[in-house]
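Trainee: Take a look at this one; I'll ask things after.
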Amino acid sequence: MPTHEVLNQPPPLEGYDLFREDRALTEALGRDGASWAEEHVAAFGRLIGRPETIRLGFLANEHPPRLRTHDRFGNRIDDVEFHPAWHELMRLAIGNGVAALPWREPRRGAHVARSSLLYLLSQIEAGVLCPMSMTYAAVPALRAAPAVADRWVPRLTSLEYDPRPIPASDKSGAVCGMAMTEKQGGSDVRANTTRARRIADGEFEITGHKWFCSAPTSDAFLVLAHTERGLSCFLLPRWTPDGEHNRFHLQRLKDKLGNRSNASSEVELDRAWAELVGEEGRGIATIIEMVNHTRLDCITGAAAGMRQATAQAAHHVAHRSAFGKRLADQPLMRNVIADLAIESEAATVTTMRLARGYDESAESTRERAFVRIATAIAKFWICKRAPAHAAEALECLGGNGFVEESMMPRLYREAPLNSIWEGSGNVICLDVLRAMARSPESLDAFFAEADLARGSDGRLDAFTDRVRDELREPAEIEARARRIVERLALALQASLLVRHGDPAVADAFLASRIARDSGLAFGTLPPGLDVGRILDRATPRVG
């Protein structure tokens with residue numbers, strides 16, 4: 001019938017190269033020291049953009065995990081059933097080094113290369129990023145216990161994915177999760193009530209209830225519990241050294257807003273066997289290395305969501321018409337898409353600069369100081385911008401964007417996650433204030449980085465000076481922390497774009513984010529900007 005003829009609908013955004021079509025990412029890979037990995041990252045970008053790979057993300061969300069506490073005979077098994085698409089995504093991620101590349105190839109740019117892989121994968125399905133991130137971040141934490149690390153790091157850095165519920169000693173590869181927070185404390189892990197009782201040198205039995213255990217089918221978990229000497233860190237495997245199922249019992253799966261393909265659970269620990277990691281009583285100091293690396297992944301995931309949302313919106317308006325002309329040719333829509341693209345590029349360039357800092361921290365005290373504070377600053381701002389960005393991009397698709405098949409609802413539901421995980425907004429801002437007070441060299445390193453653009457644009461110079469002035473005023477600094485951290489983030493992003501970004505993007509960012517009379521909503525760019533160039537960079541080419 002004539003009414004079944006499909007007109008004025010864009011083709012699906014698939015069958016394209018996610019890496020080559022992302023100019024901010026391709027430019028950053030070489031600039032930040034990972035040009036040696038370009039072939040691998042580019043091949044991964046092509047693989048991720050295939051229709052069949054994109055379909056895996058849809059399937060994993062249409063068929064979420066199911067908890068199986070017992071088998072049909074009544075035996076406790078504490079397992080989770082996943083759709084085959086989930087396992088295929090996990091296999092794709094682990095096989096391409098998303099969880100292990102910097103530890104397998106410890107060279108300049110390795111963290112940049114690995115962040116690029118994670119950034120690409122997150123655009124088609126973010127659920128698998130949780131186990132990837134924790135497995136990656138567990139390695140530096142485990143190094144505080146060399147004997148434990150010797151046994152586990154080779155498995156955690158393997159490129160083999162083995163989902164079978166069997167002891168890790170019988171596998172070549174393993175995945176790591178974590179169980180830190182409890183219902184009475186949340187981010188305040190010192191309020192934990194879980195207890196660890198020593199049973200041998202370095203071995204403990206742990207009893208308690210964990211309110212949020214990420215990736216509960218992992219082969220091992222980093223867990224916080226109190227000993228007689230205080231809060232300590234432990235590695236708790238799913239299977240004991242004797243090959244017995246550990247007393248690690250899944251109580252229920254969380255019914256989450258987003259990240260639905262990934263299982264998160266409440267866990268009961270009943271004298272579960274575990275090994276001490278790091279110094280007893282210094283659990284937070286031990287786990288902080290893991291936290292820092294997972295925060296980098298939160299930033300990367302948020303930046304990835306912005307890029308995919310921008311790409312979907314730009315692709316849609318390039319192929320759909322209304323009121324007699326293409327949406328992409330209408331001035332107000334051009335303003336909106338360009339504004340989304342600016343936010344996306346700023347997030348990407350900041351993410352990759354931070355990843356470079358992780359590469360260079362081993363040999364540079366200045367980089368260590370910079371990463372200490374800049375990770376928290378970027379974590380707050382980029383993750384905070386993601387939900388508003390996703391909502392605006394969804395609106396560009398109109399009613400089509402409100403439909404699950406468009407992917408936009410999934411991006412929208414996923415957007416708040418990275419702002420909450422590893423420290424919500426207030427926790428992160430307080431961490432920035434703590435860094436400023438305890439490690440003043442970190443703030444010095446931050447401004448040294450921002451000032452590399454000094455003299456290039458008067459708007460940025462004046463803005464950075466105003467931020468410095470705000471920091472000199474100590475009154476009610478905690479109540480002002482969000483404003484301070486936001487402005488620090490904007491100063492860093494503007495500096496990076498002025499130095500390394502496309503001139504049109506940098507100019508638009510300064511005009512809309514740094515100028516005092518800038519608008520608050522997306523799509524409020526002032527006149528006189530090279531919007532056409534910005535849109536050309538943002539719109540992916542398919543085929």
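The way I read the labels, and the way they are meant: chains A, B, ... in the order of the structure tokens, residue 1 as the first residue of every chain, and ligand 1 as the first ligand shown, with later ones counted on from there.
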Can you tell me, as a CSV table (one decimal) with N, CA and C atoms, in the first residue's frame, what residues are no more than 8 Å from A:Ala145 when counting only C-alpha atoms, ignoring any on the same chain fewer than 6 positions away?
Mentor:
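The new file part-v2.csv reads:
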```csv
chain,number,residue,atom,x,y,z
A,276,LEU,N,44.5,-10.6,52.3
A,276,LEU,CA,44.8,-9.2,52.6
A,276,LEU,C,45.6,-8.6,51.4
A,277,VAL,N,45.2,-7.4,51.0
A,277,VAL,CA,45.9,-6.7,50.0
A,277,VAL,C,46.4,-5.4,50.6
A,278,GLY,N,47.7,-5.1,50.6
A,278,GLY,CA,48.2,-3.9,51.2
A,278,GLY,C,48.3,-4.1,52.7
```
Trainee: Sort by chain and increasing residue number a table of all residues of stretch 399-418 of chain A within 12 Å of stretch 128-143 of chain A, each with its closest pair of atoms and their distance in Å to one decimal, counting only C-alpha atoms, and write it as CSV.
Mentor:
```
residue,atom,partner,partner_atom,distance
A:Glu414,CA,A:Leu129,CA,11.6
A:Leu417,CA,A:Cys130,CA,10.6
A:Asn418,CA,A:Cys130,CA,10.3
```
Trainee: Smallest atom-to-atom distance to A:Arg197: which of A:Glu275, A:Ala168, A:Asp457, A:His245, using only C-alpha atoms?
Mentor: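 Closest to A:Arg197, using only C-alpha atoms: A:Glu275.
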Trainee: If we count only C-alpha atoms and set the cut-off at 8 Å, which residues sit around stretch 64-67 of chain A, ignoring sequence neighbours fewer than 2 positions away in its own chain? Please answer as a PyMOL selection string.
Mentor: chain A and resi 60-62+69+78-83+252-253+260-263
Trainee: Let's have the selection written as a short mmCIF file (atom, residue, chain, number, x, y, z; two decimals), in the first residue's frame, with all heavy atoms.
Mentor:
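See selection.cif below for the written result:
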```
data_model
loop_
_atom_site.label_atom_id
_atom_site.label_comp_id
_atom_site.auth_asym_id
_atom_site.auth_seq_id
_atom_site.Cartn_x
_atom_site.Cartn_y
_atom_site.Cartn_z
N ALA A 60 21.82 -7.32 24.24
CA ALA A 60 22.22 -7.45 25.64
C ALA A 60 21.31 -6.65 26.56
O ALA A 60 21.12 -7.01 27.73
CB ALA A 60 23.67 -7.00 25.80
N ASN A 61 20.71 -5.58 26.04
CA ASN A 61 19.80 -4.78 26.85
C ASN A 61 18.37 -5.28 26.78
O ASN A 61 17.60 -5.14 27.73
CB ASN A 61 19.86 -3.31 26.41
CG ASN A 61 21.07 -2.59 26.97
OD1 ASN A 61 21.02 -2.06 28.06
ND2 ASN A 61 22.18 -2.61 26.23
N GLU A 62 17.99 -5.87 25.65
CA GLU A 62 16.65 -6.44 25.53
C GLU A 62 16.49 -7.70 26.38
O GLU A 62 15.38 -8.07 26.76
CB GLU A 62 16.36 -6.76 24.07
CG GLU A 62 16.18 -5.53 23.19
CD GLU A 62 16.18 -5.87 21.72
OE1 GLU A 62 16.17 -7.08 21.39
OE2 GLU A 62 16.20 -4.94 20.89
N THR A 69 19.99 -18.31 42.05
CA THR A 69 20.62 -18.58 43.34
C THR A 69 20.86 -20.06 43.57
O THR A 69 21.82 -20.46 44.22
CB THR A 69 19.77 -18.03 44.49
OG1 THR A 69 18.45 -18.61 44.40
CG2 THR A 69 19.68 -16.51 44.41
N ASP A 78 24.60 -19.44 43.16
CA ASP A 78 24.91 -18.00 43.09
C ASP A 78 25.47 -17.62 41.73
O ASP A 78 26.59 -17.16 41.60
CB ASP A 78 25.88 -17.61 44.20
CG ASP A 78 25.25 -17.72 45.58
OD1 ASP A 78 24.30 -16.97 45.84
OD2 ASP A 78 25.69 -18.59 46.37
N ASP A 79 24.66 -17.80 40.72
CA ASP A 79 25.10 -17.52 39.35
C ASP A 79 24.14 -16.55 38.69
O ASP A 79 23.02 -16.31 39.18
CB ASP A 79 25.18 -18.82 38.55
CG ASP A 79 26.06 -18.68 37.32
OD1 ASP A 79 26.75 -17.66 37.19
OD2 ASP A 79 26.05 -19.60 36.48
N VAL A 80 24.58 -15.97 37.58
CA VAL A 80 23.75 -15.05 36.81
C VAL A 80 23.77 -15.50 35.36
O VAL A 80 24.84 -15.79 34.81
CB VAL A 80 24.27 -13.60 36.92
CG1 VAL A 80 23.42 -12.66 36.07
CG2 VAL A 80 24.26 -13.14 38.37
N GLU A 81 22.61 -15.57 34.74
CA GLU A 81 22.51 -15.95 33.33
C GLU A 81 22.52 -14.68 32.48
O GLU A 81 21.76 -13.75 32.71
CB GLU A 81 21.21 -16.71 33.07
CG GLU A 81 21.19 -18.12 33.60
CD GLU A 81 19.90 -18.85 33.22
OE1 GLU A 81 18.95 -18.17 32.76
OE2 GLU A 81 19.86 -20.07 33.42
N PHE A 82 23.38 -14.68 31.47
CA PHE A 82 23.47 -13.57 30.52
C PHE A 82 23.08 -14.05 29.13
O PHE A 82 23.27 -15.22 28.78
CB PHE A 82 24.89 -13.01 30.46
CG PHE A 82 25.33 -12.26 31.69
CD1 PHE A 82 25.99 -12.93 32.72
CD2 PHE A 82 25.09 -10.91 31.82
CE1 PHE A 82 26.41 -12.24 33.85
CE2 PHE A 82 25.51 -10.22 32.95
CZ PHE A 82 26.16 -10.89 33.97
N HIS A 83 22.57 -13.13 28.33
CA HIS A 83 22.30 -13.43 26.94
C HIS A 83 23.64 -13.64 26.21
O HIS A 83 24.64 -13.02 26.56
CB HIS A 83 21.53 -12.26 26.30
CG HIS A 83 21.03 -12.53 24.92
ND1 HIS A 83 21.79 -12.29 23.80
CD2 HIS A 83 19.85 -13.04 24.48
CE1 HIS A 83 21.09 -12.62 22.73
NE2 HIS A 83 19.91 -13.07 23.10
N ARG A 252 20.11 -10.45 45.57
CA ARG A 252 19.21 -10.01 44.51
C ARG A 252 20.01 -9.15 43.54
O ARG A 252 21.07 -8.61 43.89
CB ARG A 252 18.04 -9.19 45.07
CG ARG A 252 18.44 -7.90 45.76
CD ARG A 252 17.22 -7.03 46.05
NE ARG A 252 17.58 -5.84 46.82
CZ ARG A 252 16.77 -4.79 46.96
NH1 ARG A 252 15.58 -4.78 46.40
NH2 ARG A 252 17.15 -3.74 47.68
N LEU A 253 19.49 -9.02 42.31
CA LEU A 253 20.08 -8.11 41.34
C LEU A 253 19.37 -6.76 41.45
O LEU A 253 18.17 -6.69 41.71
CB LEU A 253 19.94 -8.65 39.92
CG LEU A 253 20.66 -9.97 39.60
CD1 LEU A 253 20.55 -10.27 38.11
CD2 LEU A 253 22.12 -9.93 40.03
N ARG A 260 21.74 -1.64 32.11
CA ARG A 260 20.88 -2.78 32.40
C ARG A 260 21.43 -4.11 31.89
O ARG A 260 21.03 -5.17 32.37
CB ARG A 260 19.48 -2.53 31.85
CG ARG A 260 18.81 -1.31 32.48
CD ARG A 260 17.37 -1.14 32.03
NE ARG A 260 16.51 -2.20 32.51
CZ ARG A 260 15.93 -2.21 33.71
NH1 ARG A 260 16.14 -1.21 34.56
NH2 ARG A 260 15.14 -3.20 34.06
N SER A 261 22.33 -4.08 30.92
CA SER A 261 22.90 -5.34 30.45
C SER A 261 23.88 -5.93 31.45
O SER A 261 24.17 -7.13 31.42
CB SER A 261 23.61 -5.13 29.11
OG SER A 261 24.79 -4.35 29.27
N ASN A 262 24.37 -5.09 32.35
CA ASN A 262 25.34 -5.52 33.36
C ASN A 262 24.63 -5.84 34.67
O ASN A 262 23.72 -5.13 35.08
CB ASN A 262 26.36 -4.40 33.59
CG ASN A 262 27.33 -4.72 34.70
OD1 ASN A 262 27.86 -5.83 34.78
ND2 ASN A 262 27.58 -3.76 35.56
N ALA A 263 25.06 -6.91 35.30
CA ALA A 263 24.47 -7.30 36.58
C ALA A 263 25.15 -6.57 37.73
O ALA A 263 26.38 -6.47 37.78
CB ALA A 263 24.60 -8.81 36.79
#
```
Trainee: Contacts of A:Ser442 at 10 Å or less, counting only C-alpha atoms, minus same-chain residues fewer than 6 places along, as an MDAnalysis selection string?
Mentor: chainID A and resid 365:374 432 435:436 448
Trainee: Please write the residues from the selection above to a file, keeping all heavy atoms, as an mmCIF file, in the first residue's frame.
Mentor:
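The new file again14.cif reads:
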```cif
data_model
loop_
_atom_site.group_PDB
_atom_site.id
_atom_site.type_symbol
_atom_site.label_atom_id
_atom_site.label_comp_id
_atom_site.auth_asym_id
_atom_site.auth_seq_id
_atom_site.Cartn_x
_atom_site.Cartn_y
_atom_site.Cartn_z
ATOM 1 N N THR A 365 56.845 13.790 38.572
ATOM 2 C CA THR A 365 56.122 14.208 39.777
ATOM 3 C C THR A 365 55.067 15.252 39.425
ATOM 4 O O THR A 365 53.995 15.291 40.055
ATOM 5 C CB THR A 365 57.090 14.777 40.813
ATOM 6 O OG1 THR A 365 57.853 15.843 40.222
ATOM 7 C CG2 THR A 365 58.057 13.695 41.303
ATOM 8 N N ARG A 366 55.358 16.084 38.437
ATOM 9 C CA ARG A 366 54.380 17.092 38.037
ATOM 10 C C ARG A 366 53.136 16.438 37.453
ATOM 11 O O ARG A 366 52.006 16.849 37.749
ATOM 12 C CB ARG A 366 54.994 18.053 37.018
ATOM 13 C CG ARG A 366 53.970 19.030 36.438
ATOM 14 C CD ARG A 366 54.572 20.003 35.481
ATOM 15 N NE ARG A 366 53.551 20.607 34.643
ATOM 16 C CZ ARG A 366 53.758 21.554 33.739
ATOM 17 N NH1 ARG A 366 54.977 22.020 33.571
ATOM 18 N NH2 ARG A 366 52.784 22.036 33.017
ATOM 19 N N GLU A 367 53.337 15.396 36.621
ATOM 20 C CA GLU A 367 52.185 14.711 36.057
ATOM 21 C C GLU A 367 51.370 14.018 37.141
ATOM 22 O O GLU A 367 50.145 13.994 37.092
ATOM 23 C CB GLU A 367 52.623 13.707 34.988
ATOM 24 C CG GLU A 367 52.983 14.335 33.661
ATOM 25 C CD GLU A 367 51.807 15.058 33.018
ATOM 26 O OE1 GLU A 367 50.744 14.443 32.818
ATOM 27 O OE2 GLU A 367 51.944 16.262 32.717
ATOM 28 N N ARG A 368 52.049 13.436 38.120
ATOM 29 C CA ARG A 368 51.325 12.797 39.221
ATOM 30 C C ARG A 368 50.477 13.811 39.958
ATOM 31 O O ARG A 368 49.327 13.550 40.323
ATOM 32 C CB ARG A 368 52.305 12.121 40.187
ATOM 33 C CG ARG A 368 52.847 10.798 39.696
ATOM 34 C CD ARG A 368 53.448 9.980 40.826
ATOM 35 N NE ARG A 368 54.578 10.630 41.461
ATOM 36 C CZ ARG A 368 55.826 10.581 41.026
ATOM 37 N NH1 ARG A 368 56.114 9.910 39.910
ATOM 38 N NH2 ARG A 368 56.803 11.182 41.686
ATOM 39 N N ALA A 369 51.044 14.983 40.191
ATOM 40 C CA ALA A 369 50.295 16.033 40.888
ATOM 41 C C ALA A 369 49.127 16.520 40.035
ATOM 42 O O ALA A 369 48.014 16.741 40.537
ATOM 43 C CB ALA A 369 51.226 17.188 41.223
ATOM 44 N N PHE A 370 49.360 16.664 38.743
ATOM 45 C CA PHE A 370 48.300 17.116 37.837
ATOM 46 C C PHE A 370 47.158 16.109 37.799
ATOM 47 O O PHE A 370 45.968 16.464 37.928
ATOM 48 C CB PHE A 370 48.868 17.317 36.428
ATOM 49 C CG PHE A 370 47.814 17.564 35.382
ATOM 50 C CD1 PHE A 370 47.120 18.766 35.329
ATOM 51 C CD2 PHE A 370 47.496 16.579 34.449
ATOM 52 C CE1 PHE A 370 46.139 18.988 34.373
ATOM 53 C CE2 PHE A 370 46.527 16.796 33.490
ATOM 54 C CZ PHE A 370 45.846 18.004 33.447
ATOM 55 N N VAL A 371 47.493 14.828 37.637
ATOM 56 C CA VAL A 371 46.476 13.787 37.564
ATOM 57 C C VAL A 371 45.679 13.715 38.857
ATOM 58 O O VAL A 371 44.459 13.486 38.840
ATOM 59 C CB VAL A 371 47.146 12.433 37.237
ATOM 60 C CG1 VAL A 371 46.204 11.273 37.550
ATOM 61 C CG2 VAL A 371 47.561 12.395 35.775
ATOM 62 N N ARG A 372 46.363 13.925 39.983
ATOM 63 C CA ARG A 372 45.695 13.841 41.285
ATOM 64 C C ARG A 372 44.465 14.744 41.344
ATOM 65 O O ARG A 372 43.399 14.341 41.806
ATOM 66 C CB ARG A 372 46.682 14.212 42.399
ATOM 67 C CG ARG A 372 46.065 14.486 43.773
ATOM 68 C CD ARG A 372 45.477 13.234 44.399
ATOM 69 N NE ARG A 372 44.836 13.506 45.676
ATOM 70 C CZ ARG A 372 43.549 13.819 45.825
ATOM 71 N NH1 ARG A 372 42.770 13.925 44.750
ATOM 72 N NH2 ARG A 372 43.032 14.030 47.018
ATOM 73 N N ILE A 373 44.603 15.971 40.879
ATOM 74 C CA ILE A 373 43.481 16.906 40.995
ATOM 75 C C ILE A 373 42.657 16.991 39.718
ATOM 76 O O ILE A 373 41.434 17.133 39.766
ATOM 77 C CB ILE A 373 44.002 18.314 41.392
ATOM 78 C CG1 ILE A 373 42.841 19.179 41.896
ATOM 79 C CG2 ILE A 373 44.754 18.989 40.247
ATOM 80 C CD1 ILE A 373 43.299 20.461 42.574
ATOM 81 N N ALA A 374 43.306 16.859 38.564
ATOM 82 C CA ALA A 374 42.581 17.014 37.296
ATOM 83 C C ALA A 374 41.602 15.871 37.054
ATOM 84 O O ALA A 374 40.551 16.071 36.432
ATOM 85 C CB ALA A 374 43.564 17.114 36.138
ATOM 86 N N VAL A 432 38.413 17.450 45.562
ATOM 87 C CA VAL A 432 39.230 18.513 44.966
ATOM 88 C C VAL A 432 39.716 19.475 46.044
ATOM 89 O O VAL A 432 40.897 19.853 46.078
ATOM 90 C CB VAL A 432 38.439 19.265 43.880
ATOM 91 C CG1 VAL A 432 39.228 20.487 43.394
ATOM 92 C CG2 VAL A 432 38.123 18.340 42.704
ATOM 93 N N ALA A 435 42.469 17.838 47.948
ATOM 94 C CA ALA A 435 43.734 17.846 47.198
ATOM 95 C C ALA A 435 44.400 19.208 47.269
ATOM 96 O O ALA A 435 45.628 19.309 47.426
ATOM 97 C CB ALA A 435 43.472 17.456 45.743
ATOM 98 N N MET A 436 43.606 20.264 47.163
ATOM 99 C CA MET A 436 44.163 21.608 47.233
ATOM 100 C C MET A 436 44.809 21.864 48.590
ATOM 101 O O MET A 436 45.862 22.510 48.676
ATOM 102 C CB MET A 436 43.057 22.632 46.958
ATOM 103 C CG MET A 436 42.589 22.653 45.514
ATOM 104 S SD MET A 436 40.997 23.523 45.262
ATOM 105 C CE MET A 436 41.215 24.996 46.232
ATOM 106 N N ALA A 448 49.658 25.234 35.916
ATOM 107 C CA ALA A 448 50.775 25.200 34.970
ATOM 108 C C ALA A 448 50.311 24.639 33.631
ATOM 109 O O ALA A 448 50.721 25.119 32.561
ATOM 110 C CB ALA A 448 51.917 24.358 35.538
#
```
Trainee: List every residue of stretch 374-453 of chain A that has an atom at most 10 Å from any atom of stretch 169-192 of chain A, and for each one report the closest atom pair and its distance in Å to one decimal, counting only C-alpha atoms, with rows sorted by chain and then by increasing residue number, as JSON lines.
Mentor:
```
{"residue": "A:Ile420", "atom": "CA", "partner": "A:Ser187", "partner_atom": "CA", "distance": 9.9}
{"residue": "A:Trp421", "atom": "CA", "partner": "A:Ser187", "partner_atom": "CA", "distance": 9.5}
{"residue": "A:Glu422", "atom": "CA", "partner": "A:Ser187", "partner_atom": "CA", "distance": 8.1}
{"residue": "A:Gly423", "atom": "CA", "partner": "A:Ser187", "partner_atom": "CA", "distance": 6.7}
{"residue": "A:Ser424", "atom": "CA", "partner": "A:Ser187", "partner_atom": "CA", "distance": 8.4}
{"residue": "A:Val427", "atom": "CA", "partner": "A:Ser187", "partner_atom": "CA", "distance": 7.8}
```
Trainee: Report the residues of stretch 31-248 of chain A whose backbone DSSP state falls under helix (DSSP H, G or I), written as an MDAnalysis selection string.
Mentor: chainID A and resid 31 35:48 51:62 84:95 101:104 110:122 129:142 146:156 168:170 189:191
Trainee: Counting only C-alpha atoms, figure out which residue out of A:Lys256, A:Arg466, A:Lys379, A:His315 gets nearest to A:Arg537.
Mentor: A:His315
Trainee: Mind checking which residues fall within 12 Å of A:Ala415, counting only C-alpha atoms, ignoring those fewer than 5 positions away in the same chain, and posting them as a PyMOL selection string?
Mentor: chain A and resi 122-123+126-127+257-259+298-309+382-391+393-394+408-410+420-421
Trainee: Please return, as a PyMOL selection string, all residues of stretch 129-360 of chain A that DSSP assigns to strand (DSSP E) on the basis of the backbone.
Mentor: chain A and resi 176-179+195-200+203-214+220-227+230-237+248-253+264-277+321-322+325-326
Trainee: Could you list, as an NGL selection string, every residue within 8 Å of stretch 527-536 of chain A, counting only C-alpha atoms and ignoring same-chain residues fewer than 3 positions away?
Mentor: :A and (314 or 334-335 or 337-338 or 341-342 or 504-505 or 507-508 or 539)
Trainee: Work out how far apart atom CA of A:Thr294 and atom CA of A:His226 are and give it in Å to one decimal.
Mentor: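 Pair atom CA of A:Thr294 / atom CA of A:His226 returns 23.1 Å.
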Trainee: A:His209, A:Arg195, A:Arg320, A:Arg247: which is nearest A:Glu268, counting only C-alpha atoms?
Mentor: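 For A:Glu268, the nearest of the candidates is A:His209.
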Trainee: Using only C-alpha atoms for the distances, tell me which of A:Ile284, A:Gly45, A:Ser115, A:His316 is nearest to A:Asn400.
Mentor: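 Of A:Ile284, A:Gly45, A:Ser115, A:His316, the one nearest A:Asn400 is A:His316, counting only C-alpha atoms.
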